[in-house]
Amino acid sequence: MKWKELPRNIKVRMITSFFNRAVSSAVMPFMALFFAQELNKIWAGLFLISTVVIGFMINLVGGYISDRFPRKKVLMITSWLNALFFLIMTISLFPTNKVIVLFALAYVGFIITSSLGRPAMHAIIIDSTTPENRKAVYTLDYWLVNLSMAIGAAIGGLLYLNHQKELFIMLTCTSTMIPIAYGIWLQDKFTNQLHKKHKNVLVDLISNYKVAFKDVAFVKVVAGSTFIFAAEFSLNSYIGIRLAETFEAVRIGSFEIVGVRMLSILNIENMLLVVCFTFIINRFTDKMNKKNALITGLILYGIGYATVTSSNTWYMLVLFNLIATIGELIYSPIRNAKQANMIPSDKRGSYSAFSNLSFSGADLIARASIIIGAFLIPTMMSVYIGIIVMVGTVLIYTGLFAKNIKVNNLVNKGVSGD
């Protein structure tokens, strides 16, 4: 699919998220490290776990709101609030003794407002695509997301240690431009808004999610994705802190690669591989059986991240990070497109919010791994990550292809009966 053929909303979303992610990914991957250094690992783990729980609960409210009210208005309000909280975080870094309490409160505020707006954005994207062009759109979006994150990781790796204030100023300026762009170019064509069925708002919200919770196949995919994403998310939580503490510095000329820089290199490698090979691998997966491609991708992904979790030599980290990324490139577009096709047209906001449980849950597991890692040795953490990915693989496979499996079984029974 060519750029000029894309719907306007898709272009707006891709361009704005590109610039926003480029700056935010220079900062956000270091949040676990930031709080661990400013306070301690246990406090950082507990605080970040609490933000994930808050984010998920607010995300469900956001899904309900995006199906009840104009999605563009929801996005405008939450985007302006995001910019405000980034401004507060930036201001809190300027005193000689950083105002960590103010920074933490603003960070929680950002988690709340971004969680409220995310389902509306996802719903607008699904509204603007069709089952026929959805895989192509998700593949292009996946490529742009990783390109922007590669740029952000490079900026963060170079500037985070000595230029935190400048990074947060950049993030504040960029996030201020997002709602302006939405106001000018974003179109909200969604008219099939849900009507309030119960006087009690809480009862109405819960009943709105009953359909999604009863959709067993969809629940399996969301639960499986939670476990799968947890492995990748652990890179910027447990693995990042472990590298900062135990990685032996490597010198290349006058340039020293310490743990924090090694983390940035792994992030950059991951994203550059995605940028360079997304469309090449997509051509191969288009020709492959989707079930086989999904399983192959998830196995490679699991082997890669399980090894990276405990490895402490630069060449092993780089090699198995490459294997994990190749696996991600194979499975991710297939999972994204098939999951989107499972969502009913009149509950896209709610289903999108429910599907975000996979990100919130993965974040929760990854943050919890900081605490678990304080008691387990790295090799045991590798086993832990390996088991998590195995469970996720089984759930995603049975969720996406459960109906096909049932149909095949019925056909086989019919044939044997004849």
# chains A, B, ... in the order shown; residues from 1 in each chain; ligands from 1
$ residues_around --residues "A:Ile330" --least-positions-apart "2" --cutoff "9 Å" --atoms "only C-alpha atoms" --output "list of chain:residue names"
A:Thr278, A:Ile281, A:Asn282, A:Phe284, A:Thr285, A:Ala293, A:Leu294, A:Thr296, A:Gly297, A:Leu298, A:Thr325, A:Ile326, A:Gly327, A:Glu328, A:Ser332, A:Pro333, A:Ile334
$ select_by_dssp --residues "stretch 235-297 of chain A" --states "strand (DSSP E)" --output "VMD selection string"
chain A and resid 250 to 252 255 to 257
$ residues_around --residues "A:Tyr351" --least-positions-apart "3" --cutoff "9 Å" --atoms "only C-alpha atoms" --output "VMD selection string"
chain A and resid 63 119 123 209 211 to 212 343 to 344 347 to 348 354 to 356
$ residues_around --residues "A:Phe19" --least-positions-apart "4" --cutoff "9 Å" --atoms "only C-alpha atoms" --output "list in words"
Met14, Ile15, Val23, Ser24, Ser148, Thr174, Ser175 and Ile178 of chain A
$ write_last_selection --atoms "N, CA, C and O atoms" --output "PDB file, in the first residue's frame"
ATOM      1  N   MET A  14       0.126   8.364  12.171  1.00  0.00           N
ATOM      2  CA  MET A  14       1.494   7.890  11.957  1.00  0.00           C
ATOM      3  C   MET A  14       2.527   9.011  12.087  1.00  0.00           C
ATOM      4  O   MET A  14       3.588   8.827  12.684  1.00  0.00           O
ATOM      5  N   ILE A  15       2.205  10.186  11.552  1.00  0.00           N
ATOM      6  CA  ILE A  15       3.152  11.311  11.608  1.00  0.00           C
ATOM      7  C   ILE A  15       3.296  11.829  13.034  1.00  0.00           C
ATOM      8  O   ILE A  15       4.412  12.033  13.529  1.00  0.00           O
ATOM      9  N   VAL A  23      10.844  11.242  20.629  1.00  0.00           N
ATOM     10  CA  VAL A  23      11.313  11.970  21.811  1.00  0.00           C
ATOM     11  C   VAL A  23      11.030  11.181  23.096  1.00  0.00           C
ATOM     12  O   VAL A  23      11.903  11.052  23.962  1.00  0.00           O
ATOM     13  N   SER A  24       9.822  10.618  23.219  1.00  0.00           N
ATOM     14  CA  SER A  24       9.466   9.909  24.459  1.00  0.00           C
ATOM     15  C   SER A  24      10.304   8.652  24.666  1.00  0.00           C
ATOM     16  O   SER A  24      10.634   8.303  25.805  1.00  0.00           O
ATOM     17  N   SER A 148      11.027   5.457  14.703  1.00  0.00           N
ATOM     18  CA  SER A 148      11.008   6.582  15.645  1.00  0.00           C
ATOM     19  C   SER A 148      11.645   6.195  16.971  1.00  0.00           C
ATOM     20  O   SER A 148      12.369   6.976  17.587  1.00  0.00           O
ATOM     21  N   THR A 174       7.285  18.655  21.986  1.00  0.00           N
ATOM     22  CA  THR A 174       6.692  17.729  21.009  1.00  0.00           C
ATOM     23  C   THR A 174       5.259  17.375  21.389  1.00  0.00           C
ATOM     24  O   THR A 174       4.367  17.372  20.536  1.00  0.00           O
ATOM     25  N   SER A 175       5.035  17.068  22.679  1.00  0.00           N
ATOM     26  CA  SER A 175       3.690  16.684  23.116  1.00  0.00           C
ATOM     27  C   SER A 175       2.705  17.846  23.017  1.00  0.00           C
ATOM     28  O   SER A 175       1.492  17.625  22.913  1.00  0.00           O
ATOM     29  N   ILE A 178       1.181  17.832  19.384  1.00  0.00           N
ATOM     30  CA  ILE A 178       0.273  16.735  19.023  1.00  0.00           C
ATOM     31  C   ILE A 178      -1.196  17.171  18.989  1.00  0.00           C
ATOM     32  O   ILE A 178      -1.882  16.980  17.982  1.00  0.00           O
TER      33      ILE A 178
END
$ closest_residue --among "A:Glu256, A:Ala231, A:Leu116, A:Gly183" --to "A:Leu60" --atoms "only C-alpha atoms"
A:Leu116
$ residues_around --residues "stretch 160-171 of chain A" --least-positions-apart "3" --cutoff "10 Å" --atoms "only C-alpha atoms" --output "PyMOL selection string"
chain A and resi 19-27+30+34+83+86-94+153-157+174-176+260-261
$ atom_distance --atom1 "atom CA of A:Ser350" --atom2 "atom CA of A:Tyr64"
5.6 Å
$ select_by_dssp --residues "stretch 85-193 of chain A" --states "helix (DSSP H, G or I)" --output "PyMOL selection string"
chain A and resi 85-92+100-127+134-159+164-185
